[in-house]
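Shown next, in structure tokens, is the structure this report addresses.
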Amino acid sequence: MPKLDRVEAGHYRIPLPEVLTDSTHGAMADFELVTCRVTDAEGAEGVGYTYTVGRNGGAVHHILAREIAELAAGQDADRIEALWQHVWWGLHYGGRGGPAVLAQSAFDIALWDLKAKRAGTALWRLLGGHDPLVPCYAGGIDLELSAAELIAQTEGNLARGFRAIKMKVGRPRLAEDVAKLAAMRAHLGEDFPLMVDANMRWTADAAIRAARAFAPHDPYWLEEPVQPEDVAGHARVLREGGVPVASGENLRSLWDFQALIAAGGVSFPEPDVTNCGGVTAFMKITHLAEAFHLPVTSHGAHDVTVQLLAACPNRSYLEAHGFGLDRYIADPLRIEEGMAVAPDRPGHGIGFDWTGLEKVRA
């Protein structure tokens with residue numbers, strides 16, 4: 001099989017259409033996009049990417065451009081599992097998370113894109129193929145919005161085809177969160193899937209109190225109620241709070257998910273393909289969750305992730321994020337009556353506007 005000839009990294013700063021806020025990251029005016037382009041000896045190219053919410057993109061870019069490019073040089077592009085292990089252990093001593101695993105995720109996505117393109121098939125089919133129509137929710141970053149503003153945003157998302165919505169919680173006063181959740185539930189009706197996301201805001205005791213206050217308004221899940229490392233806290237919130245728990249967007253490996261799932265700390269495991277180790281790790285996490293009879297959701301990178309969840313029988317909802325990347329790609333994610341459509345283009349189907357991105361190079 002063709003050997004890897006080149007690994008190229010790009011670093012861009014994408015301005016957001018409007019400033020976004022949540023309970024831990026504060027105000028976000030832009031995000032960093034770090035791309036990876038792999039080329040084999042026959043000239044075929046695969047593309048991957050990762051992102052940050054504004055910091056550390058330079059470190060991710062450096063690891064891709066220097067460390068992973070050196071580790072990957074001349075390797076068999078088709079042996080993705082062997083390459084994953086080679087890079088993981090090559091970066092291990094200064095890695096096991098942080099910028100290193102974000103960089104590896106982008107590289108791994110690019111390898112899978114290349115493999116599917118060479119096979120002339122969509123990635124979701126290459127990964128096994130289950131159903132190209134994936135339930136999808138609109139994930140707003142909207143903590144500072146009033147109830148009226150939140151409802152107006154929701155109406156816009158409904159008009160775009162979404163049939164499930166997530167809202168942020170974690171205001172200084174729990175009563176403010178409860179009031180907005182009550183207003184959203186009254187507006188959307190009893191059976192509408194409505195998720196709430198705390199972004200790691202609370203201790204386990206505070207999260208249990210919040211979950212119990214939210215329960216009468218029937219949230220589909222409470223997301224990231226405590227810090228990702230607090231496995232015991234997750235288990236307490238799920239056991240004592242009375243609502244399902246989604247978590248995992250800040251976990252960085254298969255083994256992090258193994259610990260959380262085995263402890264009974266999560267109802268909806270939530271990997272992010274751009275930071276958990278790429279497609280290779282994401283699919284292992286979905287299979288781990290399936291063995292525990294758990295439905296998998298996702299975080300971020302919806303244009304890639306729709307391909308992965310379309311290959312999973314235990315998928316639940318795909319998260320669609322408004323990070324502004326649609327301006328720089330051809331054929332953005334298509335939503336039809338609450339379902340995201342996994343495209344049948346070869347690879348993951350994302351085509352970047354490299355000329356447009358050049359104008360926002362970091």
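Following the order of the structure tokens, chains are lettered A, B, ..., residues in each are numbered from 1, and ligands are numbered from 1.
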
Residues near Ala122 (chain A), cut-off 7 Å, only C-alpha atoms, skip fewer than 3 positions along chain, as a list in words: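 So, after excluding close chain neighbours, the residues are Ala116, Arg125, Leu126, Asp344, Arg345, Pro346, Gly347 and His348 of chain A.
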
So that I can see what lies close to Val178 (chain A), please list as a PyMOL selection string the residues with an atom at most 10 Å from it, counting only C-alpha atoms and leaving out residues fewer than 5 positions away in the same chain. chain A and resi 169+171+173+183-184+210-211+213-217

Write out as a PyMOL selection string all residues of region 133-317 of chain A that DSSP puts in strand (DSSP E) for this structure's backbone. chain A and resi 133-139+165-168+194-197+222-223+245-247+268-269

Leaving out Ile329 (chain A) and any residue of its chain fewer than 4 positions from it, which residues lie within 8 Å of it when counting only C-alpha atoms, given as a PDB file with N, CA, C and O atoms, in the first residue's frame?
ATOM      1  N   LEU A 325     -17.982  27.193  11.167  1.00  0.00           N
ATOM      2  CA  LEU A 325     -17.133  26.531  10.187  1.00  0.00           C
ATOM      3  C   LEU A 325     -17.822  26.389   8.833  1.00  0.00           C
ATOM      4  O   LEU A 325     -17.159  26.226   7.808  1.00  0.00           O
ATOM      5  N   ILE A 350     -16.013  16.244   3.778  1.00  0.00           N
ATOM      6  CA  ILE A 350     -15.777  17.665   4.065  1.00  0.00           C
ATOM      7  C   ILE A 350     -14.755  18.214   3.082  1.00  0.00           C
ATOM      8  O   ILE A 350     -13.642  17.683   2.959  1.00  0.00           O
ATOM      9  N   GLY A 351     -15.117  19.289   2.407  1.00  0.00           N
ATOM     10  CA  GLY A 351     -14.188  19.977   1.512  1.00  0.00           C
ATOM     11  C   GLY A 351     -13.929  21.379   2.020  1.00  0.00           C
ATOM     12  O   GLY A 351     -14.839  22.218   2.044  1.00  0.00           O
ATOM     13  N   PHE A 352     -12.729  21.667   2.475  1.00  0.00           N
ATOM     14  CA  PHE A 352     -12.396  22.977   3.031  1.00  0.00           C
ATOM     15  C   PHE A 352     -12.128  24.002   1.926  1.00  0.00           C
ATOM     16  O   PHE A 352     -11.585  23.672   0.872  1.00  0.00           O
ATOM     17  N   ASP A 353     -12.499  25.228   2.208  1.00  0.00           N
ATOM     18  CA  ASP A 353     -12.152  26.374   1.366  1.00  0.00           C
ATOM     19  C   ASP A 353     -10.785  26.877   1.826  1.00  0.00           C
ATOM     20  O   ASP A 353     -10.678  27.762   2.669  1.00  0.00           O
TER      21      ASP A 353
END

Excluding same-chain residues fewer than 6 positions from Arg163 (chain A), what lies within 7 Å of it counting only C-alpha atoms, as an MDAnalysis selection string? chainID A and resid 137 337:338

Using only N, CA, C and O atoms, please write the residues we just selected to a file, as a JSON list (two decimals), in the first residue's frame.
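Final file, out_6.json:
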[["chain", "number", "residue", "atom", "x", "y", "z"],
["A", 137, "TYR", "N", -29.52, 17.21, 17.44],
["A", 137, "TYR", "CA", -30.04, 18.34, 18.22],
["A", 137, "TYR", "C", -29.18, 19.58, 18.00],
["A", 137, "TYR", "O", -27.99, 19.48, 17.65],
["A", 337, "GLU", "N", -35.99, 17.32, 9.03],
["A", 337, "GLU", "CA", -36.97, 16.88, 10.03],
["A", 337, "GLU", "C", -36.30, 16.20, 11.23],
["A", 337, "GLU", "O", -36.67, 15.10, 11.64],
["A", 338, "GLY", "N", -35.31, 16.88, 11.78],
["A", 338, "GLY", "CA", -34.64, 16.40, 12.98],
["A", 338, "GLY", "C", -33.55, 15.38, 12.76],
["A", 338, "GLY", "O", -32.93, 14.92, 13.72]]

Across A:Glu190, A:Glu8, A:Glu18, A:Glu249, the smallest distance to Ala69 (chain A), with only C-alpha atoms counted, is shown by A:Glu8

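Using only C-alpha atoms, the smallest distance between any of A:Tyr51, A:Val101, A:Glu224, A:Met339 and Phe162 (chain A) comes from A:Met339.
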
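The closest residue to Lys168 (chain A), picked from A:Gly74, A:Val87, A:Ser23, A:Val304 and counting only C-alpha atoms, is A:Ser23.
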
Long-range neighbours of Thr50 (chain A) as a PDB file with N, CA and C atoms, in the first residue's frame, 9 Å cut-off, only C-alpha atoms, 2 positions minimum in chain:
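Final output, part.pdb:
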ATOM      1  N   GLU A  32     -10.165  28.251  17.452  1.00  0.00           N
ATOM      2  CA  GLU A  32      -9.001  27.895  16.652  1.00  0.00           C
ATOM      3  C   GLU A  32      -9.265  26.579  15.912  1.00  0.00           C
ATOM      4  N   LEU A  33      -9.035  26.586  14.646  1.00  0.00           N
ATOM      5  CA  LEU A  33      -9.123  25.397  13.813  1.00  0.00           C
ATOM      6  C   LEU A  33      -7.700  24.960  13.468  1.00  0.00           C
ATOM      7  N   VAL A  34      -7.385  23.702  13.752  1.00  0.00           N
ATOM      8  CA  VAL A  34      -6.091  23.133  13.387  1.00  0.00           C
ATOM      9  C   VAL A  34      -6.349  21.971  12.440  1.00  0.00           C
ATOM     10  N   THR A  35      -5.835  22.080  11.232  1.00  0.00           N
ATOM     11  CA  THR A  35      -6.090  21.075  10.204  1.00  0.00           C
ATOM     12  C   THR A  35      -4.877  20.179   9.991  1.00  0.00           C
ATOM     13  N   CYS A  36      -5.157  18.999   9.473  1.00  0.00           N
ATOM     14  CA  CYS A  36      -4.098  18.048   9.117  1.00  0.00           C
ATOM     15  C   CYS A  36      -4.403  17.489   7.739  1.00  0.00           C
ATOM     16  N   GLY A  48      -8.035  16.004   8.063  1.00  0.00           N
ATOM     17  CA  GLY A  48      -8.614  15.937   9.403  1.00  0.00           C
ATOM     18  C   GLY A  48      -8.502  17.279  10.075  1.00  0.00           C
ATOM     19  N   THR A  52      -9.923  24.324  19.170  1.00  0.00           N
ATOM     20  CA  THR A  52      -9.953  24.762  20.565  1.00  0.00           C
ATOM     21  C   THR A  52     -10.941  25.920  20.665  1.00  0.00           C
ATOM     22  N   VAL A  60      -1.009  22.494  19.579  1.00  0.00           N
ATOM     23  CA  VAL A  60      -1.541  21.400  18.759  1.00  0.00           C
ATOM     24  C   VAL A  60      -0.906  21.422  17.367  1.00  0.00           C
ATOM     25  N   LEU A 102      -5.235  15.941  20.917  1.00  0.00           N
ATOM     26  CA  LEU A 102      -5.957  16.708  19.898  1.00  0.00           C
ATOM     27  C   LEU A 102      -5.249  16.604  18.554  1.00  0.00           C
ATOM     28  N   ALA A 103      -3.922  16.714  18.579  1.00  0.00           N
ATOM     29  CA  ALA A 103      -3.150  16.586  17.344  1.00  0.00           C
ATOM     30  C   ALA A 103      -3.298  15.184  16.754  1.00  0.00           C
ATOM     31  N   SER A 105      -5.760  13.188  17.133  1.00  0.00           N
ATOM     32  CA  SER A 105      -7.134  13.051  16.637  1.00  0.00           C
ATOM     33  C   SER A 105      -7.248  13.582  15.219  1.00  0.00           C
ATOM     34  N   ALA A 106      -6.699  14.766  14.966  1.00  0.00           N
ATOM     35  CA  ALA A 106      -6.751  15.350  13.621  1.00  0.00           C
ATOM     36  C   ALA A 106      -6.031  14.455  12.614  1.00  0.00           C
ATOM     37  N   VAL A 273     -14.711  13.365  18.583  1.00  0.00           N
ATOM     38  CA  VAL A 273     -13.731  12.724  17.711  1.00  0.00           C
ATOM     39  C   VAL A 273     -12.471  13.556  17.564  1.00  0.00           C
ATOM     40  N   THR A 274     -12.555  14.869  17.776  1.00  0.00           N
ATOM     41  CA  THR A 274     -11.389  15.732  17.612  1.00  0.00           C
ATOM     42  C   THR A 274     -10.496  15.784  18.841  1.00  0.00           C
ATOM     43  N   ASN A 275     -10.897  15.142  19.942  1.00  0.00           N
ATOM     44  CA  ASN A 275     -10.022  15.195  21.123  1.00  0.00           C
ATOM     45  C   ASN A 275      -9.922  13.882  21.894  1.00  0.00           C
ATOM     46  N   ALA A 301     -17.735  18.968  16.026  1.00  0.00           N
ATOM     47  CA  ALA A 301     -17.279  18.374  14.757  1.00  0.00           C
ATOM     48  C   ALA A 301     -18.378  17.562  14.075  1.00  0.00           C
TER      49      ALA A 301
END

Which one is closest to Ile285 (chain A): A:Cys312, A:Ala206, A:Leu357, A:Met200? Count only C-alpha atoms.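 Closest to Ile285 (chain A) of all the choices is A:Cys312.
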
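Distances from A:Ala29, A:Leu127, A:Leu188, A:Val279 to Ala152 (chain A) were compared using only C-alpha atoms, and the smallest one belongs to A:Leu188.
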
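Take CA of Ala246 (chain A) and CA of Val266 (chain A): the distance between them is 5.8 Å.
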
For Trp89 (chain A), find every residue with an atom within 12 Å (counting only C-alpha atoms), except residues of its own chain fewer than 2 positions away, and show them as a ChimeraX atom specification. /A:67-68,71,82-87,91-96,100-101,104

Would you mind listing what lies within 8 Å of Ala73 (chain A) as a list in words, with only C-alpha atoms counted and same-chain residues fewer than 4 positions away left out?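 These residues fall inside the cut-off: Leu4, Asp5, Arg6, Val7 and Ala69 of chain A.
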
Would you return as number ranges by chain the members of region 22-62 of chain A that DSSP assigns to helix (DSSP H, G or I) on this structure's backbone? A: 57-62

Those residues with all heavy atoms, as an mmCIF file, in the first residue's frame please?
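part-v4.cif, written as the output of this step:
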data_model
loop_
_atom_site.group_PDB
_atom_site.id
_atom_site.type_symbol
_atom_site.label_atom_id
_atom_site.label_comp_id
_atom_site.auth_asym_id
_atom_site.auth_seq_id
_atom_site.Cartn_x
_atom_site.Cartn_y
_atom_site.Cartn_z
ATOM 1 N N GLY A 57 -4.053 26.321 20.509
ATOM 2 C CA GLY A 57 -3.988 25.851 19.134
ATOM 3 C C GLY A 57 -2.570 25.801 18.594
ATOM 4 O O GLY A 57 -2.238 24.938 17.786
ATOM 5 N N GLY A 58 -1.733 26.722 19.034
ATOM 6 C CA GLY A 58 -0.339 26.733 18.592
ATOM 7 C C GLY A 58 0.399 25.473 19.008
ATOM 8 O O GLY A 58 1.216 24.931 18.238
ATOM 9 N N ALA A 59 0.114 24.986 20.213
ATOM 10 C CA ALA A 59 0.750 23.757 20.686
ATOM 11 C C ALA A 59 0.283 22.559 19.863
ATOM 12 O O ALA A 59 1.083 21.697 19.489
ATOM 13 C CB ALA A 59 0.434 23.547 22.167
ATOM 14 N N VAL A 60 -1.009 22.494 19.579
ATOM 15 C CA VAL A 60 -1.541 21.400 18.759
ATOM 16 C C VAL A 60 -0.906 21.422 17.367
ATOM 17 O O VAL A 60 -0.474 20.390 16.844
ATOM 18 C CB VAL A 60 -3.080 21.518 18.649
ATOM 19 C CG1 VAL A 60 -3.635 20.402 17.764
ATOM 20 C CG2 VAL A 60 -3.742 21.483 20.025
ATOM 21 N N HIS A 61 -0.839 22.602 16.787
ATOM 22 C CA HIS A 61 -0.245 22.760 15.460
ATOM 23 C C HIS A 61 1.212 22.300 15.453
ATOM 24 O O HIS A 61 1.656 21.594 14.532
ATOM 25 C CB HIS A 61 -0.350 24.220 15.028
ATOM 26 C CG HIS A 61 0.276 24.518 13.709
ATOM 27 N ND1 HIS A 61 1.556 25.040 13.595
ATOM 28 C CD2 HIS A 61 -0.184 24.348 12.440
ATOM 29 C CE1 HIS A 61 1.848 25.191 12.321
ATOM 30 N NE2 HIS A 61 0.823 24.790 11.601
ATOM 31 N N HIS A 62 1.968 22.674 16.470
ATOM 32 C CA HIS A 62 3.384 22.296 16.549
ATOM 33 C C HIS A 62 3.543 20.781 16.615
ATOM 34 O O HIS A 62 4.407 20.205 15.938
ATOM 35 C CB HIS A 62 4.022 22.945 17.781
ATOM 36 C CG HIS A 62 5.431 22.510 18.010
ATOM 37 N ND1 HIS A 62 6.508 23.107 17.386
ATOM 38 C CD2 HIS A 62 5.946 21.512 18.786
ATOM 39 C CE1 HIS A 62 7.623 22.512 17.768
ATOM 40 N NE2 HIS A 62 7.313 21.540 18.616
#

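For the atom pair formed by CA of Ser146 (chain A) and CA of Glu176 (chain A), the distance is 9.5 Å, given to one decimal.
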
Here is a test: counting only C-alpha atoms, which residue of A:His293, A:Arg37, A:Arg79, A:His25 is nearest to Ala198 (chain A)? A:His25
